[in-house]
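Text of final31.txt (compact mmCIF, C-alpha atoms) as supplied:
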```txt
# COMPACT_ATOMS: atom_id res chain seq x y z
CA MET A 1 24.16 -3.17 26.09
CA LYS A 2 26.15 -0.08 25.27
CA LEU A 3 26.43 1.77 21.97
CA LYS A 4 26.84 5.12 20.27
CA CYS A 5 24.94 6.29 17.21
CA LEU A 6 23.73 9.38 15.39
CA THR A 7 20.36 10.65 16.57
CA TYR A 8 19.18 10.98 12.97
CA HIS A 9 19.51 7.26 12.23
CA LEU A 10 17.63 6.22 15.37
CA LYS A 11 14.88 8.79 14.81
CA GLU A 12 14.45 7.77 11.19
CA ALA A 13 14.11 4.08 12.09
CA LEU A 14 11.64 4.82 14.88
CA SER A 15 9.57 7.07 12.60
CA LEU A 16 8.99 3.99 10.43
CA THR A 17 8.36 1.52 13.23
CA GLU A 18 6.57 3.29 16.06
CA LYS A 19 3.22 3.32 14.23
CA ILE A 20 3.30 -0.47 14.15
CA SER A 21 3.59 -0.69 17.93
CA GLY A 22 0.26 0.87 18.83
CA LYS A 23 -1.69 0.95 22.05
CA ASN A 24 -2.19 -2.66 23.00
CA ILE A 25 -3.91 -2.91 26.38
CA THR A 26 -3.88 -6.69 26.67
CA LEU A 27 -0.21 -7.09 25.61
CA PRO A 28 1.72 -3.96 26.67
CA ILE A 29 4.98 -5.46 25.38
CA LEU A 30 3.66 -4.92 21.84
CA ASN A 31 3.83 -1.17 22.52
CA SER A 32 7.59 -1.43 22.81
CA VAL A 33 10.57 -1.37 20.49
CA LEU A 34 13.34 -3.90 20.90
CA ILE A 35 16.81 -2.41 20.58
CA SER A 36 19.18 -5.25 19.77
CA THR A 37 22.95 -5.23 19.34
CA LYS A 38 23.57 -8.89 18.75
CA LYS A 39 26.29 -9.88 16.25
CA LYS A 40 27.73 -6.35 16.34
CA GLU A 41 24.69 -4.93 14.49
CA LEU A 42 22.20 -2.39 15.83
CA LYS A 43 18.66 -3.43 14.97
CA ILE A 44 15.35 -1.73 15.76
CA ILE A 45 12.57 -4.32 16.00
CA VAL A 46 8.80 -3.96 16.45
CA THR A 47 5.79 -6.20 15.92
CA ASN A 48 2.03 -6.14 16.37
CA LEU A 49 1.73 -9.86 15.55
CA GLU A 50 0.32 -8.95 12.11
CA VAL A 51 3.45 -7.20 10.87
CA GLY A 52 7.00 -7.44 12.16
CA ILE A 53 9.79 -5.03 11.17
CA GLU A 54 13.53 -5.11 11.69
CA ILE A 55 15.71 -2.16 10.61
CA LYS A 56 19.50 -2.07 10.67
CA ILE A 57 21.14 1.26 11.50
CA PRO A 58 24.83 2.21 11.74
CA ALA A 59 26.29 2.38 15.24
CA LYS A 60 29.43 1.78 17.28
CA ILE A 61 28.72 -1.22 19.49
CA GLU A 62 30.69 -1.31 22.72
CA LYS A 63 28.70 -4.01 24.50
CA GLU A 64 26.14 -6.36 23.04
CA GLY A 65 22.67 -6.81 24.52
CA GLU A 66 18.98 -6.02 24.14
CA ASN A 67 16.48 -3.63 25.66
CA ALA A 68 12.72 -3.17 25.17
CA VAL A 69 11.28 0.29 25.86
CA PRO A 70 8.01 2.06 24.98
CA SER A 71 8.27 2.90 21.30
CA LYS A 72 6.24 6.11 21.25
CA LEU A 73 7.95 7.47 24.37
CA LEU A 74 11.40 6.90 22.88
CA TYR A 75 10.40 8.44 19.55
CA ASN A 76 8.86 11.52 21.18
CA PHE A 77 11.99 12.04 23.28
CA LEU A 78 14.36 11.74 20.33
CA SER A 79 12.21 14.08 18.24
CA ASN A 80 13.37 16.96 20.45
CA LEU A 81 17.08 16.23 20.01
CA PRO A 82 19.22 17.65 17.18
CA SER A 83 19.44 15.10 14.36
CA ASN A 84 23.18 15.61 13.90
CA GLU A 85 24.03 14.86 17.53
CA ASN A 86 25.70 11.66 18.68
CA ILE A 87 24.04 9.88 21.59
CA GLU A 88 25.00 7.00 23.84
CA LEU A 89 22.59 4.24 24.82
CA GLU A 90 23.25 1.97 27.77
CA THR A 91 21.08 -0.50 29.64
CA PHE A 92 20.87 -1.23 33.34
CA GLN A 93 18.49 -4.08 34.15
CA ASN A 94 15.36 -3.15 32.13
CA ASN A 95 16.09 0.58 32.00
CA LEU A 96 17.61 2.48 29.08
CA THR A 97 19.90 5.45 29.67
CA ILE A 98 20.27 7.93 26.80
CA SER A 99 23.08 10.46 27.07
CA SER A 100 24.06 13.33 24.82
CA SER A 101 26.32 16.34 25.28
CA ASN A 102 23.58 18.24 27.12
CA THR A 103 21.13 15.72 28.54
CA SER A 104 20.82 12.39 30.27
CA THR A 105 17.54 10.49 30.35
CA VAL A 106 16.39 7.19 31.80
CA ILE A 107 13.46 5.33 30.21
CA LYS A 108 11.88 2.44 32.08
CA GLY A 109 11.59 -0.64 29.93
CA TYR A 110 10.07 -4.10 29.77
CA SER A 111 11.54 -7.51 30.27
CA VAL A 112 13.21 -8.53 27.01
CA GLU A 113 12.02 -12.12 27.54
CA ASP A 114 8.42 -10.94 27.05
CA PHE A 115 9.09 -9.49 23.58
CA PRO A 116 7.70 -11.80 20.85
CA LEU A 117 10.34 -13.45 18.68
CA LEU A 118 10.05 -12.54 15.01
CA PRO A 119 9.83 -15.50 12.64
CA THR A 120 13.14 -16.20 10.97
CA ILE A 121 14.07 -17.43 7.54
CA LYS A 122 17.33 -17.66 5.66
CA GLU A 123 17.66 -14.85 3.12
CA LYS A 124 19.50 -17.27 0.84
CA GLU A 125 16.43 -19.47 0.48
CA ASP A 126 14.55 -19.37 -2.82
CA PHE A 127 13.28 -15.85 -3.33
CA PHE A 128 11.75 -13.58 -5.95
CA SER A 129 13.55 -10.31 -6.57
CA LEU A 130 12.60 -7.10 -8.36
CA PRO A 131 13.27 -3.36 -7.91
CA VAL A 132 11.50 -2.07 -4.82
CA LYS A 133 10.07 0.88 -6.79
CA ASP A 134 8.32 -1.53 -9.18
CA PHE A 135 6.94 -3.66 -6.37
CA LEU A 136 5.53 -0.53 -4.70
CA LEU A 137 4.11 0.65 -8.03
CA GLY A 138 2.14 -2.58 -8.25
CA LEU A 139 0.75 -2.17 -4.73
CA ASN A 140 0.03 1.56 -5.13
CA SER A 141 -1.83 0.98 -8.38
CA VAL A 142 -4.47 -1.30 -6.83
CA TYR A 143 -4.62 -1.16 -3.01
CA TYR A 144 -7.37 1.50 -2.83
CA ALA A 145 -9.80 -0.94 -4.49
CA CYS A 146 -9.61 -3.40 -1.57
CA SER A 147 -12.68 -3.99 0.56
CA LEU A 148 -12.37 -2.15 3.87
CA THR A 149 -14.41 -4.68 5.83
CA GLU A 150 -13.15 -8.02 7.15
CA MET A 151 -16.36 -9.90 6.29
CA LYS A 152 -14.59 -11.33 3.24
CA PRO A 153 -10.87 -11.29 4.11
CA GLU A 154 -9.86 -12.47 0.65
CA ILE A 155 -11.11 -9.22 -0.96
CA ALA A 156 -9.81 -7.11 1.94
CA SER A 157 -6.39 -8.01 0.52
CA VAL A 158 -4.17 -7.39 -2.47
CA PHE A 159 -3.74 -10.43 -4.70
CA ILE A 160 -0.29 -10.95 -6.26
CA ASN A 161 0.45 -13.67 -8.77
CA SER A 162 2.85 -14.62 -11.54
CA GLN A 163 2.89 -17.69 -13.69
CA LYS A 164 5.29 -18.83 -16.37
CA ASN A 165 5.00 -16.53 -19.42
CA THR A 166 2.71 -14.10 -17.56
CA PRO A 167 3.81 -10.90 -15.82
CA LEU A 168 3.70 -10.24 -12.10
CA THR A 169 0.11 -9.16 -11.49
CA PHE A 170 -1.40 -7.11 -8.66
CA VAL A 171 -5.20 -7.14 -8.23
CA ALA A 172 -7.68 -5.71 -5.73
CA THR A 173 -11.46 -5.52 -5.64
CA ASP A 174 -14.25 -4.58 -3.25
CA SER A 175 -16.91 -6.07 -5.60
CA PHE A 176 -17.89 -2.58 -6.84
CA ARG A 177 -14.63 -1.99 -8.71
CA LEU A 178 -11.51 -3.90 -9.65
CA ALA A 179 -7.97 -2.65 -10.28
CA ARG A 180 -5.28 -4.72 -11.96
CA LYS A 181 -1.65 -3.78 -12.61
CA ASN A 182 0.91 -5.86 -14.51
CA ILE A 183 4.63 -5.40 -13.80
CA PRO A 184 6.99 -6.78 -16.50
CA TYR A 185 8.62 -9.52 -14.43
CA THR A 186 7.90 -13.22 -14.75
CA PHE A 187 8.66 -15.87 -12.17
CA THR A 188 8.25 -19.61 -12.18
CA ASP A 189 6.88 -21.42 -9.14
CA PHE A 190 5.39 -18.19 -7.76
CA SER A 191 2.54 -19.14 -5.43
CA PRO A 192 -0.34 -16.61 -5.34
CA LEU A 193 -0.19 -14.20 -2.39
CA LEU A 194 -2.97 -12.41 -0.51
CA ILE A 195 -1.60 -9.52 1.58
CA PRO A 196 -4.11 -7.92 4.00
CA TYR A 197 -4.99 -4.32 3.16
CA ARG A 198 -3.68 -2.93 6.46
CA ASN A 199 -0.37 -4.67 5.96
CA VAL A 200 -0.13 -3.36 2.40
CA ILE A 201 -0.43 0.19 3.75
CA GLU A 202 2.48 -0.45 6.12
CA ILE A 203 4.61 -2.11 3.44
CA MET A 204 4.21 0.91 1.15
CA ARG A 205 5.05 3.30 3.99
CA ILE A 206 8.04 1.36 5.30
CA PHE A 207 9.72 0.81 1.92
CA GLU A 208 8.72 4.15 0.36
CA ASN A 209 12.21 5.65 0.44
CA GLU A 210 14.16 2.46 -0.13
CA SER A 211 16.18 1.88 -3.29
CA GLY A 212 17.64 -1.19 -4.95
CA ASP A 213 15.88 -4.55 -5.03
CA ILE A 214 13.35 -6.12 -2.72
CA ARG A 215 13.35 -9.87 -2.13
CA LEU A 216 10.10 -11.76 -1.52
CA ILE A 217 10.16 -15.08 0.32
CA PRO A 218 6.72 -16.65 0.87
CA ASN A 219 6.66 -19.12 3.74
CA LYS A 220 3.44 -20.89 4.70
CA ASN A 221 1.06 -18.14 5.86
CA GLN A 222 3.70 -15.40 5.94
CA LEU A 223 5.61 -13.24 3.49
CA PHE A 224 9.16 -12.10 4.20
CA LEU A 225 10.31 -8.89 2.48
CA PHE A 226 13.97 -7.91 2.48
CA SER A 227 15.67 -4.74 1.28
CA GLU A 228 19.27 -3.81 1.99
CA ARG A 229 18.51 -2.62 5.54
CA ILE A 230 14.90 -3.57 6.27
CA LYS A 231 13.23 -6.91 6.97
CA LEU A 232 9.42 -6.99 7.14
CA ILE A 233 7.24 -10.00 7.87
CA SER A 234 3.56 -9.84 6.95
CA ARG A 235 0.80 -12.26 7.73
CA LEU A 236 -0.94 -13.55 4.60
CA THR A 237 -4.69 -13.91 4.17
CA GLU A 238 -5.97 -17.45 3.90
CA GLY A 239 -8.52 -18.18 1.21
CA ASN A 240 -8.96 -17.85 -2.53
CA PHE A 241 -9.20 -14.62 -4.47
CA PRO A 242 -12.18 -14.40 -6.86
CA ASP A 243 -11.59 -15.48 -10.47
CA TYR A 244 -11.51 -11.89 -11.69
CA GLU A 245 -10.73 -12.81 -15.31
CA GLU A 246 -14.27 -14.15 -15.65
CA ILE A 247 -15.83 -10.72 -15.08
CA ILE A 248 -13.62 -8.81 -17.52
CA PRO A 249 -15.65 -8.11 -20.69
CA LYS A 250 -14.15 -9.42 -23.91
CA THR A 251 -16.18 -7.27 -26.35
CA PHE A 252 -17.58 -3.73 -26.07
CA LEU A 253 -20.41 -1.70 -27.58
CA THR A 254 -18.89 1.76 -27.10
CA ASP A 255 -15.28 2.95 -26.97
CA VAL A 256 -14.32 6.48 -25.90
CA THR A 257 -10.86 8.05 -26.09
CA ILE A 258 -10.54 11.03 -23.76
CA ASP A 259 -7.82 13.25 -22.30
CA LYS A 260 -7.02 11.95 -18.81
CA VAL A 261 -6.31 15.31 -17.15
CA LEU A 262 -9.37 16.98 -18.67
CA PHE A 263 -11.62 14.08 -17.68
CA ASN A 264 -10.20 13.98 -14.13
CA ASN A 265 -10.59 17.75 -13.64
CA SER A 266 -14.13 17.63 -15.00
CA LEU A 267 -15.00 14.86 -12.55
CA LYS A 268 -13.60 16.90 -9.66
CA THR A 269 -15.70 19.91 -10.73
CA ALA A 270 -18.84 17.80 -11.04
CA SER A 271 -18.18 16.21 -7.65
CA ILE A 272 -18.75 19.58 -5.95
CA PHE A 273 -22.41 19.32 -6.92
CA SER A 274 -22.94 15.58 -6.45
CA GLY A 275 -25.28 14.14 -3.82
CA LYS A 276 -24.64 11.98 -0.78
CA LEU A 277 -23.99 8.96 -2.98
CA ASN A 278 -21.28 10.79 -4.99
CA GLU A 279 -23.29 10.22 -8.15
CA VAL A 280 -22.24 11.77 -11.48
CA LYS A 281 -24.04 11.15 -14.79
CA LEU A 282 -22.03 10.53 -17.94
CA GLU A 283 -23.61 10.76 -21.39
CA VAL A 284 -21.69 9.69 -24.48
CA MET A 285 -22.88 11.34 -27.70
CA PRO A 286 -21.00 9.82 -30.68
CA ASP A 287 -22.71 12.09 -33.23
CA LYS A 288 -21.37 15.19 -31.44
CA LYS A 289 -18.05 13.59 -30.41
CA THR A 290 -18.80 14.79 -26.90
CA ALA A 291 -19.13 13.32 -23.44
CA LYS A 292 -21.36 15.24 -21.04
CA LEU A 293 -20.79 15.09 -17.29
CA GLN A 294 -23.64 16.21 -15.11
CA ALA A 295 -24.13 16.51 -11.36
CA SER A 296 -26.85 18.26 -9.38
CA HIS A 297 -27.61 18.94 -5.73
CA SER A 298 -30.93 20.25 -4.44
CA ASP A 299 -29.20 22.66 -2.07
CA LEU A 300 -26.08 23.59 -4.04
CA GLY A 301 -26.98 23.72 -7.71
CA GLU A 302 -25.96 21.95 -10.90
CA ASN A 303 -22.89 21.50 -13.09
CA ILE A 304 -22.71 20.35 -16.72
CA THR A 305 -19.38 19.90 -18.51
CA ASN A 306 -18.96 18.91 -22.16
CA ILE A 307 -15.71 17.10 -22.97
CA PRO A 308 -14.40 16.48 -26.51
CA ILE A 309 -13.84 12.80 -27.26
CA GLU A 310 -13.04 10.34 -29.99
CA THR A 311 -15.60 7.58 -30.00
CA SER A 312 -17.03 4.62 -31.83
CA GLY A 313 -20.15 2.61 -31.12
CA GLU A 314 -23.47 3.36 -29.47
CA LYS A 315 -24.60 6.37 -27.45
CA LEU A 316 -25.38 5.80 -23.79
CA LYS A 317 -26.18 7.39 -20.43
CA ILE A 318 -24.68 5.96 -17.28
CA THR A 319 -24.25 6.99 -13.62
CA PHE A 320 -21.11 6.44 -11.55
CA ASN A 321 -19.68 7.14 -8.13
CA HIS A 322 -17.19 9.88 -9.04
CA ARG A 323 -14.80 8.84 -6.28
CA TYR A 324 -14.45 5.39 -7.78
CA LEU A 325 -13.50 6.89 -11.13
CA THR A 326 -10.95 9.41 -9.84
CA ASP A 327 -9.33 6.83 -7.53
CA GLY A 328 -8.12 4.83 -10.50
CA LEU A 329 -7.46 7.49 -13.13
CA LYS A 330 -4.15 8.58 -11.61
CA TYR A 331 -2.69 5.11 -12.19
CA VAL A 332 -3.48 4.93 -15.92
CA PRO A 333 0.00 5.29 -17.50
CA SER A 334 -1.18 7.36 -20.51
CA ASP A 335 -2.21 10.93 -21.22
CA LYS A 336 -5.06 9.59 -23.32
CA ILE A 337 -7.30 6.98 -21.75
CA LEU A 338 -9.77 4.52 -23.18
CA LEU A 339 -13.24 4.14 -21.65
CA ARG A 340 -14.97 0.95 -22.78
CA PHE A 341 -18.72 0.37 -22.28
CA ASN A 342 -21.13 -2.53 -22.76
CA GLY A 343 -24.38 -0.72 -22.09
CA GLU A 344 -25.99 1.41 -19.42
CA ASN A 345 -26.10 -1.19 -16.66
CA LYS A 346 -22.74 -2.83 -17.30
CA PRO A 347 -19.34 -1.94 -15.82
CA ILE A 348 -16.92 0.45 -17.50
CA LEU A 349 -13.36 -0.62 -18.28
CA ILE A 350 -10.68 2.08 -18.09
CA THR A 351 -7.18 1.59 -19.49
CA GLY A 352 -4.42 3.45 -21.33
CA ILE A 353 -4.31 3.96 -25.08
CA LYS A 354 -0.66 2.99 -25.54
CA ASP A 355 -0.05 1.15 -22.25
CA ASN A 356 -2.62 -1.36 -21.02
CA SER A 357 -0.53 -2.68 -18.13
CA PHE A 358 -3.18 -1.15 -15.85
CA TYR A 359 -6.92 -1.56 -16.14
CA TYR A 360 -9.73 -0.52 -13.87
CA LEU A 361 -13.26 -1.90 -13.87
CA VAL A 362 -16.05 0.12 -12.21
CA MET A 363 -19.67 -0.88 -11.68
CA PRO A 364 -22.31 1.76 -12.51
CA MET A 365 -24.93 3.02 -10.07
CA LYS A 366 -28.61 2.63 -10.58
CA ASP A 367 -29.91 5.75 -12.29
CA ILE A 368 -31.21 8.17 -9.63
```

Show me, as structure tokens, the structure contained in the file I just sent.
Amino acid sequence: MKLKCLTYHLKEALSLTEKISGKNITLPILNSVLISTKKKELKIIVTNLEVGIEIKIPAKIEKEGENAVPSKLLYNFLSNLPSNENIELETFQNNLTISSSNTSTVIKGYSVEDFPLLPTIKEKEDFFSLPVKDFLLGLNSVYYACSLTEMKPEIASVFINSQKNTPLTFVATDSFRLARKNIPYTFTDFSPLLIPYRNVIEIMRIFENESGDIRLIPNKNQLFLFSERIKLISRLTEGNFPDYEEIIPKTFLTDVTIDKVLFNNSLKTASIFSGKLNEVKLEVMPDKKTAKLQASHSDLGENITNIPIETSGEKLKITFNHRYLTDGLKYVPSDKILLRFNGENKPILITGIKDNSFYYLVMPMKDI
């Protein structure tokens, strides 16, 4: 293998991939990056057997071949080179020589035969396509509500589904809260997907700065994602996502319209004085058109904030984990939000006034 490329392009690709190839003691080859120049294309490939990534970068290929070298070592070395400098890469046996105008370095590599083959699929097979920014919006809007334990893998995942005449829907829950985001695309024959939380984090990071469309190709227990220059393969979670529609209330006893920024800032202020359980008390007073937020700490003090609201229905007092509330507020696509209650021991539903493509359900805490 022999090629020339701009340092910037190689560094940028490695910045996306080297976190995937972590420290694997049992399989050291998974700590490596495969540099491949087959078919006159330069590709940077990594995998941890959960996620596989392949990134195309521009280069002048003089001799085709492959080389596997430690990913973090290569990235750290390139980080110290000027981004606008051209470098030459050449392999000799398993070693990689990197030459620039001022330096020459040899990095010891692994046997290419030991590098796991990424699953392949034809990009022309049936796929579902939408703008990458909209796909990432769906993931970003819900991923934080996933369970962080693997005891129930199906809720440690983001659920994606679309049926005829229904929009593409992203859902996540940890059984204490549930976030759902609808994106205005409909697909027929779209099989429900469960993407593991850790893989969702990597998908959002890898495609963050991509533009154009992203193509989704589900295949058995894997999902293939293609942009113009990136291919990512994610393992899918096996199992069935809970029937979340059953737990969404259909009627409400109290509705509150409140300014999103004011409510969010008031929650952040109250959180300074909350206890170890992050508890904040919310009291809705329809007669005064006011919502009162209260938090107290035996060592720090107390905070009470009165927020003007528009409301209908019954008065109530309810206690919430303030972190659960603020996690979801940023994804409500309205300046004014609607808080919907069914009593003091029932979950709260949060959505936008003019745009209900996102809703967020949060369970209350026992009054303490």

* To do: Could you check how far CA of Ser111 in chain A sits from CA of Leu89 in chain A, in Å to one decimal?
  =>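 These two atoms are separated by 17.0 Å.
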
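Take CA of Glu283 in chain A and CA of Leu329 in chain A: the distance between them is 18.4 Å.
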
* Near Phe320 in chain A, counting all atoms listed in the file, which residues have an atom at most 8 Å away, once you skip same-chain residues fewer than 3 positions from it, shown as a PyMOL selection string? -> chain A and resi 278-282+324-325+363-365

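Nearest to Gly352 in chain A of all the residues A:Ile304, A:Ala179, A:Ile230, A:Ile258 is A:Ile258, counting all atoms listed in the file.
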
* To do: Could you check which of A:Asp335, A:Glu88, A:Glu66, A:Asp134 is closest to Gly109 in chain A, using all atoms listed in the file?
  => A:Glu66

May I ask you to restore all heavy atoms in range 190-200 of chain A and write the result as a PDB file, in the coordinates of the input?
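In the end it all went to result_33.pdb:
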```pdb
ATOM      1  N   PHE A 190       5.834 -19.272  -8.630  1.00  0.00           N
ATOM      2  CA  PHE A 190       5.390 -18.190  -7.760  1.00  0.00           C
ATOM      3  C   PHE A 190       3.982 -18.507  -7.266  1.00  0.00           C
ATOM      4  O   PHE A 190       3.020 -18.482  -8.027  1.00  0.00           O
ATOM      5  CB  PHE A 190       5.403 -16.857  -8.507  1.00  0.00           C
ATOM      6  CG  PHE A 190       5.158 -15.645  -7.654  1.00  0.00           C
ATOM      7  CD1 PHE A 190       6.200 -14.835  -7.250  1.00  0.00           C
ATOM      8  CD2 PHE A 190       3.869 -15.306  -7.240  1.00  0.00           C
ATOM      9  CE1 PHE A 190       5.989 -13.711  -6.466  1.00  0.00           C
ATOM     10  CE2 PHE A 190       3.636 -14.196  -6.452  1.00  0.00           C
ATOM     11  CZ  PHE A 190       4.700 -13.393  -6.068  1.00  0.00           C
ATOM     12  N   SER A 191       3.856 -18.824  -5.988  1.00  0.00           N
ATOM     13  CA  SER A 191       2.540 -19.140  -5.430  1.00  0.00           C
ATOM     14  C   SER A 191       1.750 -17.851  -5.208  1.00  0.00           C
ATOM     15  O   SER A 191       2.307 -16.852  -4.743  1.00  0.00           O
ATOM     16  CB  SER A 191       2.686 -19.884  -4.103  1.00  0.00           C
ATOM     17  OG  SER A 191       3.377 -21.099  -4.284  1.00  0.00           O
ATOM     18  N   PRO A 192       0.462 -17.825  -5.538  1.00  0.00           N
ATOM     19  CA  PRO A 192      -0.340 -16.610  -5.340  1.00  0.00           C
ATOM     20  C   PRO A 192      -0.302 -16.136  -3.885  1.00  0.00           C
ATOM     21  O   PRO A 192      -0.326 -16.946  -2.955  1.00  0.00           O
ATOM     22  CB  PRO A 192      -1.751 -17.064  -5.731  1.00  0.00           C
ATOM     23  CG  PRO A 192      -1.543 -18.218  -6.649  1.00  0.00           C
ATOM     24  CD  PRO A 192      -0.318 -18.912  -6.150  1.00  0.00           C
ATOM     25  N   LEU A 193      -0.250 -14.815  -3.712  1.00  0.00           N
ATOM     26  CA  LEU A 193      -0.190 -14.200  -2.390  1.00  0.00           C
ATOM     27  C   LEU A 193      -1.414 -13.330  -2.157  1.00  0.00           C
ATOM     28  O   LEU A 193      -1.893 -12.661  -3.079  1.00  0.00           O
ATOM     29  CB  LEU A 193       1.060 -13.332  -2.252  1.00  0.00           C
ATOM     30  CG  LEU A 193       2.419 -13.981  -2.532  1.00  0.00           C
ATOM     31  CD1 LEU A 193       3.514 -12.914  -2.474  1.00  0.00           C
ATOM     32  CD2 LEU A 193       2.696 -15.087  -1.527  1.00  0.00           C
ATOM     33  N   LEU A 194      -1.899 -13.327  -0.930  1.00  0.00           N
ATOM     34  CA  LEU A 194      -2.970 -12.410  -0.510  1.00  0.00           C
ATOM     35  C   LEU A 194      -2.454 -11.635   0.701  1.00  0.00           C
ATOM     36  O   LEU A 194      -2.359 -12.179   1.802  1.00  0.00           O
ATOM     37  CB  LEU A 194      -4.239 -13.178  -0.147  1.00  0.00           C
ATOM     38  CG  LEU A 194      -5.180 -13.569  -1.284  1.00  0.00           C
ATOM     39  CD1 LEU A 194      -6.301 -14.459  -0.749  1.00  0.00           C
ATOM     40  CD2 LEU A 194      -5.769 -12.336  -1.954  1.00  0.00           C
ATOM     41  N   ILE A 195      -2.125 -10.343   0.500  1.00  0.00           N
ATOM     42  CA  ILE A 195      -1.600  -9.520   1.580  1.00  0.00           C
ATOM     43  C   ILE A 195      -2.723  -8.652   2.133  1.00  0.00           C
ATOM     44  O   ILE A 195      -3.341  -7.893   1.379  1.00  0.00           O
ATOM     45  CB  ILE A 195      -0.441  -8.627   1.099  1.00  0.00           C
ATOM     46  CG1 ILE A 195       0.629  -9.460   0.399  1.00  0.00           C
ATOM     47  CG2 ILE A 195       0.162  -7.866   2.267  1.00  0.00           C
ATOM     48  CD1 ILE A 195       1.787  -8.637  -0.145  1.00  0.00           C
ATOM     49  N   PRO A 196      -3.018  -8.733   3.429  1.00  0.00           N
ATOM     50  CA  PRO A 196      -4.110  -7.920   4.000  1.00  0.00           C
ATOM     51  C   PRO A 196      -3.907  -6.436   3.736  1.00  0.00           C
ATOM     52  O   PRO A 196      -2.777  -5.932   3.742  1.00  0.00           O
ATOM     53  CB  PRO A 196      -4.011  -8.229   5.509  1.00  0.00           C
ATOM     54  CG  PRO A 196      -3.335  -9.549   5.585  1.00  0.00           C
ATOM     55  CD  PRO A 196      -2.371  -9.599   4.434  1.00  0.00           C
ATOM     56  N   TYR A 197      -5.010  -5.753   3.506  1.00  0.00           N
ATOM     57  CA  TYR A 197      -4.990  -4.320   3.160  1.00  0.00           C
ATOM     58  C   TYR A 197      -4.173  -3.503   4.157  1.00  0.00           C
ATOM     59  O   TYR A 197      -3.325  -2.686   3.770  1.00  0.00           O
ATOM     60  CB  TYR A 197      -6.424  -3.797   3.102  1.00  0.00           C
ATOM     61  CG  TYR A 197      -6.542  -2.291   2.988  1.00  0.00           C
ATOM     62  CD1 TYR A 197      -6.379  -1.659   1.759  1.00  0.00           C
ATOM     63  CD2 TYR A 197      -6.821  -1.506   4.111  1.00  0.00           C
ATOM     64  CE1 TYR A 197      -6.488  -0.281   1.649  1.00  0.00           C
ATOM     65  CE2 TYR A 197      -6.921  -0.136   4.001  1.00  0.00           C
ATOM     66  CZ  TYR A 197      -6.759   0.478   2.780  1.00  0.00           C
ATOM     67  OH  TYR A 197      -6.858   1.842   2.680  1.00  0.00           O
ATOM     68  N   ARG A 198      -4.403  -3.716   5.451  1.00  0.00           N
ATOM     69  CA  ARG A 198      -3.680  -2.930   6.460  1.00  0.00           C
ATOM     70  C   ARG A 198      -2.183  -3.163   6.393  1.00  0.00           C
ATOM     71  O   ARG A 198      -1.386  -2.252   6.622  1.00  0.00           O
ATOM     72  CB  ARG A 198      -4.221  -3.257   7.859  1.00  0.00           C
ATOM     73  CG  ARG A 198      -5.616  -2.709   8.135  1.00  0.00           C
ATOM     74  CD  ARG A 198      -6.091  -3.081   9.518  1.00  0.00           C
ATOM     75  NE  ARG A 198      -6.265  -4.518   9.654  1.00  0.00           N
ATOM     76  CZ  ARG A 198      -6.700  -5.120  10.762  1.00  0.00           C
ATOM     77  NH1 ARG A 198      -6.969  -4.393  11.831  1.00  0.00           N
ATOM     78  NH2 ARG A 198      -6.840  -6.424  10.817  1.00  0.00           N
ATOM     79  N   ASN A 199      -1.792  -4.374   6.079  1.00  0.00           N
ATOM     80  CA  ASN A 199      -0.370  -4.670   5.960  1.00  0.00           C
ATOM     81  C   ASN A 199       0.222  -4.059   4.693  1.00  0.00           C
ATOM     82  O   ASN A 199       1.383  -3.643   4.682  1.00  0.00           O
ATOM     83  CB  ASN A 199      -0.151  -6.185   5.957  1.00  0.00           C
ATOM     84  CG  ASN A 199      -0.571  -6.821   7.278  1.00  0.00           C
ATOM     85  OD1 ASN A 199      -1.155  -6.167   8.143  1.00  0.00           O
ATOM     86  ND2 ASN A 199      -0.270  -8.089   7.445  1.00  0.00           N
ATOM     87  N   VAL A 200      -0.579  -4.002   3.630  1.00  0.00           N
ATOM     88  CA  VAL A 200      -0.130  -3.360   2.400  1.00  0.00           C
ATOM     89  C   VAL A 200       0.200  -1.891   2.662  1.00  0.00           C
ATOM     90  O   VAL A 200       1.223  -1.365   2.185  1.00  0.00           O
ATOM     91  CB  VAL A 200      -1.188  -3.487   1.288  1.00  0.00           C
ATOM     92  CG1 VAL A 200      -0.858  -2.581   0.104  1.00  0.00           C
ATOM     93  CG2 VAL A 200      -1.308  -4.932   0.830  1.00  0.00           C
TER      94      VAL A 200
END
```
